[in-house]
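As structure tokens, the structure follows; a few thoughts come after it.
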Amino acid sequence: MTDDRSRRPRLRFATEVLVLQLAVVVAVVALTSAVFVRIEVTRLERAAEGTALAIAQSVAGQSDVRARVARLNVDGTDLDRATLARGPVQRAAVAAQRRTGALFVVVTDDRGIRLAHPDADRIGEMVSTSPEAALQGRETVSWARGTLGESARAKVPVFAPAGGGTDASRASRQSRVVGEVSVGFTRARVYDTLVEDSVPVLGAGLAAVLLALVASVLIRRRLVRLTLGLQPEELVTLVQNQQAVLGGVGEGVIAIAPSGVVTVCNPEAVRLLGLSDPVGHPVGSLDLPSALRSMVDRSSPAPASATVVAGHRVLLVDVRTVTRDGRDLGRVAVLRDRTDVEALTRRLDAVGAMSTALRAQRHEFANRLHAISGLLDIGETARARAYLADVQERGPLRYPVQHADRLTEPYLQAFLGAKGVEAAERGVLLRIGAETLVQGTISDPGDVTTVLGNLVDNAVTAALGGDEWSRDGRSPWVEVEVLDDGSALHLSVMDSGPGVPADAEDSLFARDTDTLASPPDVERVHGLGIGLPLSREIARRHGGDVWLASPGGDDHGAVFCARLEGVVS
């Protein structure tokens with residue numbers, strides 16, 4: 001059978017916090033009030049005992065009382081109750097009782113027989129509580145129950161008065177106890193101010209409870225607002241899911257609150273952006289690309305997807321606004337690393353260009369062999385020799401590459417031939433430099449052609465950007481030199497452009513490029529500055545580097561050099 005308790009709806013966490021806070025405040029107020037009452041009761045009891053003792057001392061110190069009590073117990077004979085009820089001791093005791101509001105003022109002789117009592121009928125009787133301590137000369141205070149009920153009482157000895165004779169005899173008579181005085185106050189008389197004294201404390205306690213109630217309600221509302229109404233178990237599940245998702249995906253995730261503070265940044269985002277503990281810092285204080293900063297900025301237009309350059313990485317950024325129940329929770333940026341994709345795209349382009357060039361080379365070479373064979377068959381030896389000389393000058397194919405015969409390595413020859421066609425279509429002449437010499441074979445054509453292709457593409461663009469294409473009246477040009485040294489390959493690319501400005505030399509390989517077009521265009525991406533950082537990264541993987549050898553000269557533009565280790569066999 002189902003337990004009835006499981007069917008009852010459970011209080012929400014915020015309500016539980018409210019109830020718990022109120023219970024704690026009420027318990028604290030009750031505890032402090034109880035402590036106050038206890039302290040006040042103790043204080044009143046001590047005050048009552050002190051007052052009773054002072055009254056008893058005052059009555060016992062009166063000379064008439066001392067003398068009369070001393071005479072009444074001289075011979076120890078029976079006392080005349082009627083006489084005592086009208087005597088000076090009774091009058092002194094009744095006067096003191098009325099003046100102080102005490103419950104009783106009792107005077108006894110040295111045997112404990114009452115000489116004065118509020119109830120005259122009890123005069124001549126033995127007191128109900130022991131007078132032994134007082135009769136021995138000691139003053140005592142206590143709470144005890146007698147014939148008039150429970151009271152705070154004090155007992156003080158009555159000493160004989162001083163008389164004639166020597167000093168020694170007078171001192172002896174003064175130290176002789178002839179009776180005792182007992183004064184008491186009832187509890188009602190003692191505690192008559194307790195309620196009055198407790199009213200401010202009770203009022204302060206009620207005010208504290210009301211204040212706690214208001215504060216608890218405000219805290220509950222804030223708690224509900226901050227947790228979006230989620231229960232603790234839901235928050236635990238949410239955190240577990242967040243850690244599983246953020247740690248398990250291969251993409252960077254960075255979340256920014258509406259206030260502009262970074263609230264979430266997974267390790268992949270830290271790696272891609274090169275950050276160090278960004279959580280809790282304003283996004284404006286982080287070293288982020290300007291494009292990414294503007295995308296996550298609350299004042300910017302609606303976010304979208306774009307390609308962003310962060311250092312030497314190409315990132316595809318997807319920014320979305322997050323809401324819950326109509327409340328804006330900020331923006332989340334998802335970062336995908338496209339650096340390897342860009343490199344792979346360039347490599348595929350290079351391989352495709354080489355494949356096409358090699359196929360065309362094989363076909364064209366076969367055609368030229370047939371042409372030479374035909375010329376020899378018909379006896380045109382001179383024309384066959386001229387044809388061979390032209391082939392040696394231009395290479396196996398009629399690529400628009402000047403001095404193509406200086407480069408015999410098949411991969412580089414085919415690749416630069418294809419690049420020469422592209423450059424010629426843009427009006428730029430591609431030529432092979434005089435220092436070119438490659439005796440080995442390229443063992444890693446993908447990375448080599450990626451680096452060389454980026455440098456050539458940049459050089460072609462730069463060659464078209466000069467105010468004067470050439471100082472000797474020729475078309476804009478790009479010169480490539482390739483030299484192998486063991487397993488290392490050295491590259492040099494020079495153009496006829498205007499060169500690199502002095503203020504831009506330091507930022508060539510670390511540009512903070514703005515957002516690029518989406519979907520990205522590979523050619524445009526490298527034209528905007530991704531090519532150089534990407535080429536340097538690839539070269540450094542092979543133990544080499546890419547650097548600016550010359551920003552420009554009188555007869556040439558910029559000169560970029562590259563070195564790749566272990567790419568020649």
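A note on labels: chains of the structure tokens are A, B, ... as shown, every chain counts residues from 1, and ligands are counted from 1 in their shown order.
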- Message: What's around range 434-451 of chain A at 9 Å? Count only C-alpha atoms, leave out sequence neighbours fewer than 5 positions away in its own chain, and write the answer as a ChimeraX atom specification.
- Response: /A:343-344,346-351,403,406-412,415-416,456,480-487,489,531-532,534-536,538-539,546,562,564,566-569
- Message: Set the distance at 8 Å and use only C-alpha atoms: which residues neighbour Arg313 in chain A once local chain neighbours fewer than 5 positions away are removed? I'd like the list as a PyMOL selection string.
- Response: chain A and resi 272+337-339+534
For C-alpha atoms, I'd like the residues from the last selection saved as an mmCIF file, in the first residue's frame.
data_model
loop_
_atom_site.group_PDB
_atom_site.id
_atom_site.type_symbol
_atom_site.label_atom_id
_atom_site.label_comp_id
_atom_site.auth_asym_id
_atom_site.auth_seq_id
_atom_site.Cartn_x
_atom_site.Cartn_y
_atom_site.Cartn_z
ATOM 1 C CA LEU A 272 41.132 27.812 -28.458
ATOM 2 C CA ASP A 337 38.205 24.999 -34.716
ATOM 3 C CA ARG A 338 38.408 25.289 -38.527
ATOM 4 C CA THR A 339 42.197 25.639 -38.662
ATOM 5 C CA LEU A 534 48.713 28.930 -41.033
#
- May I ask which of the residues A:Asp121, A:Glu150, A:Gly184, A:Val156 is the closest one to Phe104 in chain A, counting only C-alpha atoms? A:Gly184
- Item | Atomic distance CA of Leu508 in chain A - CA of Ser294 in chain A, expressed in Å with one decimal | 22.8 Å
- Item | Residue nearest Ile254 in chain A among A:Ser142, A:Arg540, A:Ala204, A:Val334 (counting only C-alpha atoms) | A:Val334
